[in-house]
$ cat final_25.txt   # compact mmCIF, C-alpha atoms
# COMPACT_ATOMS: atom_id res chain seq x y z
CA MET A 1 145.62 120.75 -87.05
CA LYS A 2 144.15 123.68 -89.00
CA LEU A 3 145.90 126.96 -88.20
CA PRO A 4 144.20 130.34 -88.64
CA TYR A 5 147.44 131.53 -90.29
CA ARG A 6 151.06 130.45 -90.40
CA ILE A 7 154.20 132.07 -89.07
CA ASP A 8 157.81 130.92 -89.37
CA LEU A 9 159.10 129.53 -86.07
CA SER A 10 161.80 127.33 -87.55
CA ASP A 11 164.45 129.07 -85.45
CA LYS A 12 162.59 128.55 -82.15
CA VAL A 13 163.23 126.02 -79.42
CA VAL A 14 160.11 126.12 -77.26
CA VAL A 15 159.44 124.81 -73.77
CA VAL A 16 155.77 124.31 -72.85
CA THR A 17 155.06 123.44 -69.21
CA GLY A 18 151.85 121.57 -68.50
CA GLY A 19 152.38 120.15 -71.97
CA GLY A 20 150.37 117.00 -71.31
CA GLY A 21 147.14 118.94 -70.70
CA VAL A 22 144.40 119.81 -73.17
CA LEU A 23 145.24 123.46 -73.84
CA MET A 24 149.03 123.24 -73.74
CA ALA A 25 149.06 120.13 -75.94
CA GLU A 26 147.28 122.14 -78.65
CA PHE A 27 149.71 125.01 -78.15
CA GLY A 28 152.56 122.59 -78.72
CA ARG A 29 150.94 121.21 -81.87
CA ALA A 30 150.37 124.70 -83.30
CA LEU A 31 153.95 125.82 -82.66
CA ALA A 32 155.37 122.62 -84.14
CA GLU A 33 153.18 123.10 -87.22
CA CYS A 34 154.97 126.42 -87.67
CA GLY A 35 158.37 124.75 -87.54
CA ALA A 36 159.30 125.14 -83.87
CA LYS A 37 161.05 122.42 -81.92
CA VAL A 38 158.81 121.83 -78.91
CA ALA A 39 159.69 120.33 -75.52
CA LEU A 40 156.57 119.41 -73.55
CA LEU A 41 157.23 119.35 -69.80
CA ASP A 42 154.71 117.74 -67.48
CA ILE A 43 154.76 115.93 -64.15
CA ASN A 44 152.73 113.27 -65.98
CA GLU A 45 155.52 111.97 -68.18
CA LYS A 46 153.26 109.55 -70.05
CA ALA A 47 150.84 112.31 -71.04
CA ALA A 48 153.67 114.57 -72.25
CA GLN A 49 155.23 111.78 -74.28
CA GLU A 50 151.90 110.80 -75.84
CA VAL A 51 151.37 114.39 -76.99
CA ALA A 52 154.92 114.54 -78.32
CA ALA A 53 154.41 111.28 -80.23
CA SER A 54 151.25 112.67 -81.83
CA ILE A 55 153.22 115.72 -83.01
CA GLY A 56 156.22 113.88 -84.42
CA GLU A 57 159.93 114.49 -84.67
CA ASN A 58 159.68 118.19 -83.78
CA ALA A 59 158.54 117.38 -80.23
CA ILE A 60 159.75 115.61 -77.10
CA GLY A 61 157.92 114.90 -73.86
CA ILE A 62 159.88 115.17 -70.62
CA GLY A 63 158.63 114.20 -67.19
CA THR A 64 159.32 117.28 -65.07
CA ASN A 65 158.30 118.47 -61.63
CA CYS A 66 158.12 122.22 -62.15
CA LEU A 67 158.26 122.80 -58.39
CA VAL A 68 161.70 121.22 -58.11
CA LYS A 69 164.50 123.24 -59.67
CA GLU A 70 166.76 120.19 -60.08
CA SER A 71 164.04 118.52 -62.15
CA ILE A 72 163.72 121.59 -64.38
CA LEU A 73 167.50 121.76 -64.80
CA ALA A 74 167.55 118.09 -65.78
CA ALA A 75 164.92 118.81 -68.45
CA ARG A 76 167.01 121.73 -69.70
CA ASP A 77 170.01 119.43 -70.08
CA ILE A 78 167.96 117.07 -72.26
CA ILE A 79 166.76 119.95 -74.44
CA HIS A 80 170.25 121.44 -74.77
CA GLU A 81 171.66 118.11 -75.86
CA LYS A 82 168.94 117.59 -78.46
CA TRP A 83 168.33 121.08 -79.85
CA GLY A 84 170.48 123.67 -78.07
CA LYS A 85 169.40 126.68 -76.06
CA VAL A 86 165.77 127.62 -75.47
CA ASN A 87 164.48 130.93 -76.85
CA PHE A 88 160.74 130.58 -76.27
CA LEU A 89 158.93 129.59 -73.06
CA ILE A 90 155.26 129.03 -72.32
CA ASN A 91 154.43 128.76 -68.62
CA GLY A 92 151.25 126.69 -68.83
CA ALA A 93 151.53 124.54 -65.70
CA GLY A 94 148.93 125.44 -63.09
CA GLY A 95 145.58 124.56 -61.61
CA ASN A 96 143.37 124.58 -58.55
CA ASN A 97 142.83 122.19 -55.64
CA PRO A 98 139.67 121.22 -53.68
CA ARG A 99 141.46 121.97 -50.38
CA ALA A 100 141.46 125.64 -51.39
CA SER A 101 137.85 125.78 -52.65
CA SER A 102 134.72 126.54 -50.64
CA ASP A 103 131.26 125.07 -51.18
CA ASN A 104 129.39 128.34 -50.77
CA GLU A 105 129.54 131.39 -53.02
CA TYR A 106 128.51 133.81 -50.25
CA MET A 107 129.02 133.77 -46.49
CA THR A 108 125.79 133.54 -44.50
CA PRO A 109 125.10 132.94 -40.79
CA ASP A 110 123.75 129.45 -41.52
CA THR A 111 126.57 127.35 -42.94
CA GLU A 112 126.06 124.02 -41.18
CA GLY A 113 127.42 121.13 -43.24
CA CYS A 114 129.07 123.48 -45.73
CA LYS A 115 132.79 123.99 -46.33
CA THR A 116 133.26 127.73 -45.96
CA PHE A 117 136.17 130.12 -46.29
CA PHE A 118 137.02 129.39 -42.66
CA ASP A 119 137.42 125.67 -43.41
CA LEU A 120 139.92 126.06 -46.24
CA GLU A 121 143.25 124.38 -45.58
CA GLU A 122 146.50 126.31 -45.40
CA SER A 123 148.19 123.44 -47.22
CA GLY A 124 145.68 123.83 -50.07
CA LEU A 125 146.37 127.54 -50.37
CA LYS A 126 150.13 126.94 -50.47
CA PHE A 127 149.75 124.13 -52.99
CA VAL A 128 147.74 126.30 -55.40
CA PHE A 129 150.17 129.20 -55.10
CA ASP A 130 153.11 126.89 -55.67
CA LEU A 131 151.47 125.16 -58.62
CA ASN A 132 150.79 128.45 -60.39
CA ILE A 133 153.31 131.05 -59.21
CA THR A 134 156.29 129.17 -57.83
CA SER A 135 156.38 126.90 -60.86
CA ALA A 136 156.39 129.86 -63.26
CA PHE A 137 159.08 131.56 -61.18
CA LEU A 138 161.40 128.54 -61.13
CA VAL A 139 160.88 127.58 -64.77
CA THR A 140 161.51 131.15 -65.89
CA GLN A 141 164.66 131.30 -63.77
CA VAL A 142 166.01 128.23 -65.55
CA PHE A 143 165.07 128.94 -69.16
CA ALA A 144 165.26 132.74 -69.34
CA GLU A 145 168.95 132.40 -68.64
CA ASP A 146 169.27 130.88 -72.14
CA MET A 147 167.78 134.07 -73.60
CA ILE A 148 169.80 136.80 -71.90
CA LYS A 149 172.31 137.32 -74.73
CA THR A 150 170.16 136.37 -77.73
CA GLY A 151 166.65 137.56 -76.80
CA GLY A 152 163.54 135.49 -76.43
CA ASN A 153 159.84 135.22 -75.86
CA ILE A 154 157.91 134.20 -72.73
CA ILE A 155 154.16 133.67 -72.61
CA ASN A 156 152.47 133.05 -69.26
CA ILE A 157 149.00 131.54 -68.99
CA SER A 158 146.83 133.69 -66.76
CA SER A 159 143.05 133.44 -66.41
CA MET A 160 139.80 135.36 -66.28
CA ASN A 161 140.16 134.93 -62.52
CA ALA A 162 142.97 137.47 -62.64
CA PHE A 163 140.54 140.14 -63.91
CA ARG A 164 137.33 139.04 -62.16
CA PRO A 165 137.78 136.66 -59.22
CA LEU A 166 135.31 133.80 -59.29
CA THR A 167 133.38 132.65 -56.25
CA LYS A 168 134.50 129.54 -54.35
CA ILE A 169 138.14 129.57 -55.54
CA PRO A 170 139.98 132.37 -53.70
CA ALA A 171 143.45 130.81 -53.89
CA TYR A 172 143.31 130.14 -57.62
CA SER A 173 141.95 133.63 -58.34
CA ALA A 174 144.69 135.26 -56.27
CA ALA A 175 147.38 133.04 -57.82
CA LYS A 176 146.36 133.91 -61.36
CA ALA A 177 146.27 137.61 -60.46
CA GLY A 178 149.83 137.04 -59.28
CA ILE A 179 150.74 135.50 -62.63
CA SER A 180 149.48 138.59 -64.46
CA ASN A 181 151.47 140.87 -62.16
CA PHE A 182 154.55 138.65 -62.48
CA THR A 183 154.21 138.84 -66.26
CA GLN A 184 154.35 142.63 -66.17
CA TRP A 185 157.30 142.57 -63.77
CA LEU A 186 159.25 140.19 -66.00
CA ALA A 187 158.46 142.28 -69.09
CA VAL A 188 160.07 145.34 -67.52
CA HIS A 189 162.98 143.44 -65.99
CA PHE A 190 163.99 141.65 -69.19
CA ALA A 191 163.25 144.42 -71.71
CA PRO A 192 166.96 145.41 -72.04
CA CYS A 193 167.72 141.79 -73.00
CA ASN A 194 165.18 141.82 -75.84
CA ILE A 195 163.03 139.25 -74.06
CA ARG A 196 159.32 139.89 -74.51
CA VAL A 197 156.96 138.66 -71.78
CA ASN A 198 153.19 138.56 -72.25
CA GLY A 199 150.21 136.63 -70.97
CA ILE A 200 147.11 134.96 -72.35
CA ALA A 201 144.03 134.93 -70.11
CA PRO A 202 141.58 132.29 -71.33
CA GLY A 203 137.94 132.68 -70.46
CA PHE A 204 135.95 129.49 -70.00
CA PHE A 205 137.14 126.39 -71.79
CA VAL A 206 136.20 122.80 -70.98
CA THR A 207 139.31 120.90 -69.84
CA ASN A 208 140.04 117.70 -67.94
CA GLN A 209 140.46 119.73 -64.74
CA ASN A 210 137.10 121.51 -64.79
CA ARG A 211 134.80 119.17 -66.71
CA ALA A 212 133.18 117.76 -63.55
CA LEU A 213 132.40 121.30 -62.35
CA LEU A 214 130.74 122.24 -65.62
CA PHE A 215 128.76 119.11 -66.51
CA ASN A 216 126.87 116.49 -64.53
CA GLU A 217 127.58 112.80 -65.00
CA ASP A 218 124.68 112.55 -67.48
CA GLY A 219 126.20 115.34 -69.61
CA THR A 220 123.75 118.06 -68.62
CA PRO A 221 125.20 121.46 -67.66
CA THR A 222 125.61 122.30 -63.99
CA ALA A 223 124.19 125.41 -62.37
CA ARG A 224 127.68 126.93 -62.51
CA THR A 225 127.76 126.45 -66.27
CA GLY A 226 124.48 128.33 -66.52
CA LYS A 227 125.94 131.26 -64.60
CA ILE A 228 129.11 131.27 -66.69
CA LEU A 229 127.29 131.26 -70.02
CA SER A 230 124.80 133.90 -68.88
CA SER A 231 127.78 136.16 -68.12
CA THR A 232 129.54 135.44 -71.43
CA PRO A 233 128.07 137.62 -74.19
CA GLN A 234 128.91 135.06 -76.88
CA LYS A 235 126.94 132.46 -74.86
CA LYS A 236 129.34 129.58 -75.35
CA PHE A 237 132.50 127.99 -74.04
CA GLY A 238 135.69 128.64 -75.93
CA GLU A 239 137.27 126.06 -78.19
CA VAL A 240 141.01 125.46 -77.96
CA SER A 241 141.32 126.72 -81.52
CA ASP A 242 140.07 130.12 -80.31
CA LEU A 243 143.37 130.58 -78.46
CA ILE A 244 145.68 129.70 -81.32
CA GLY A 245 145.44 132.98 -83.22
CA THR A 246 146.45 134.94 -80.11
CA LEU A 247 149.25 132.46 -79.42
CA LEU A 248 150.69 132.82 -82.92
CA TRP A 249 150.42 136.60 -82.83
CA LEU A 250 152.39 136.75 -79.57
CA ALA A 251 154.81 134.11 -80.85
CA SER A 252 155.71 136.14 -83.92
CA ASP A 253 158.41 138.77 -83.46
CA ASP A 254 157.32 140.28 -86.77
CA ALA A 255 153.68 140.65 -85.70
CA SER A 256 154.10 141.62 -82.03
CA GLY A 257 157.72 142.66 -81.67
CA PHE A 258 156.76 145.87 -79.83
CA VAL A 259 154.27 144.11 -77.54
CA THR A 260 155.44 143.23 -74.04
CA GLY A 261 153.82 143.27 -70.60
CA VAL A 262 150.23 142.74 -71.80
CA ILE A 263 147.65 140.18 -70.70
CA VAL A 264 145.30 139.31 -73.57
CA PRO A 265 141.80 138.10 -72.61
CA VAL A 266 140.32 135.45 -74.91
CA ASP A 267 136.94 135.16 -73.24
CA GLY A 268 133.91 135.69 -75.47
CA GLY A 269 133.34 139.09 -73.84
CA PHE A 270 133.17 137.85 -70.22
CA ASN A 271 135.53 140.49 -68.87
CA ALA A 272 133.66 143.30 -70.64
CA TYR A 273 130.20 142.34 -69.36
CA SER A 274 128.93 144.06 -66.23
CA GLY A 275 125.89 141.81 -65.87
CA VAL A 276 123.36 144.48 -66.94

$ encode --input "final_25.txt" --output "structure tokens"
Amino acid sequence: MKLPYRIDLSDKVVVVTGGGGVLMAEFGRALAECGAKVALLDINEKAAQEVAASIGENAIGIGTNCLVKESILAARDIIHEKWGKVNFLINGAGGNNPRASSDNEYMTPDTEGCKTFFDLEESGLKFVFDLNITSAFLVTQVFAEDMIKTGGNIINISSMNAFRPLTKIPAYSAAKAGISNFTQWLAVHFAPCNIRVNGIAPGFFVTNQNRALLFNEDGTPTARTGKILSSTPQKKFGEVSDLIGTLLWLASDDASGFVTGVIVPVDGGFNAYSGV
């Protein structure tokens, strides 16, 4: 892959959760290009291993359930045996669920045949919170312990939803707001250990998870895509490559060594736009 610039990460052992997905796979590739040894953790073991194979000898894919601490510990054992202790973590696992999403953007008296806020399932809410917050909590518990004496770097993946909650997805918006808050808490808590903790908040990128929401089966944009792009001053979706420069900046102790507890929007101006 073409990097916007190169940094030296040859002394880094990196864990990337959600490593089989579109965005985190590219993060893994970029870090490996800079010399890091990258462990891609994903509940979809095949996807993680396929990404690792495409990267080469500096990467491994490990099937991991990031909601089960024993599974995370088992992944840590594999990494320790192969490369030693981890000093860089990217919490990229996350997502939404239809059980926690409404059909309507606004509540009106006439909602017949429509899944409203009142129809959302408690199990869906808990699933989305677990997938985003509990996973980051457990994974950080396991791998930050490697960093206590030597220092380290943690990057959490937040979202535009953390700044500006989107309609229809209350659980995901609240969960990502929680990730941003958790990032700041961790940054303060681990500062004496020389562990930096920051977040990246992507704007709108087309991924496997959201493609069906953004484009119809014939490839034409949905109404939601029209609203997104009209609220994005740059009038386009982001490309994965647009995130890599921010990733490498936060990954570099030389470039961002005094940066901790920040959430960096990469959003084409979405968060800055008031709509008028």

$ closest_residue --input "final_25.txt" --among "A:Val14, A:Ile169, A:Ile154, A:Ile200" --to "Ala36 (chain A)" --atoms "only C-alpha atoms"
A:Val14

$ residues_around --input "final_25.txt" --residues "Val16 (chain A)" --least-positions-apart "5" --cutoff "8 Å" --atoms "all atoms listed in the file" --output "VMD selection string"
chain A and resid 24 28 38 to 41 89 to 92

$ closest_residue --input "final_25.txt" --among "A:Ile7, A:Val139, A:Ala144, A:Ile179" --to "Cys193 (chain A)" --atoms "only C-alpha atoms"
A:Ala144

$ residues_around --input "final_25.txt" --residues "Val13 (chain A)" --least-positions-apart "5" --cutoff "12 Å" --atoms "only C-alpha atoms" --output "JSON, numbers by chain"
{"A": [28, 31, 32, 34, 35, 36, 37, 38, 39, 40, 58, 59, 60, 76, 79, 80, 82, 83, 84, 85, 86, 87, 88, 89, 90, 143, 146, 147, 152, 153, 154, 251]}

$ closest_residue --input "final_25.txt" --among "A:Asp130, A:Glu145, A:Glu70, A:Glu112" --to "Ile195 (chain A)" --atoms "all atoms listed in the file"
A:Glu145
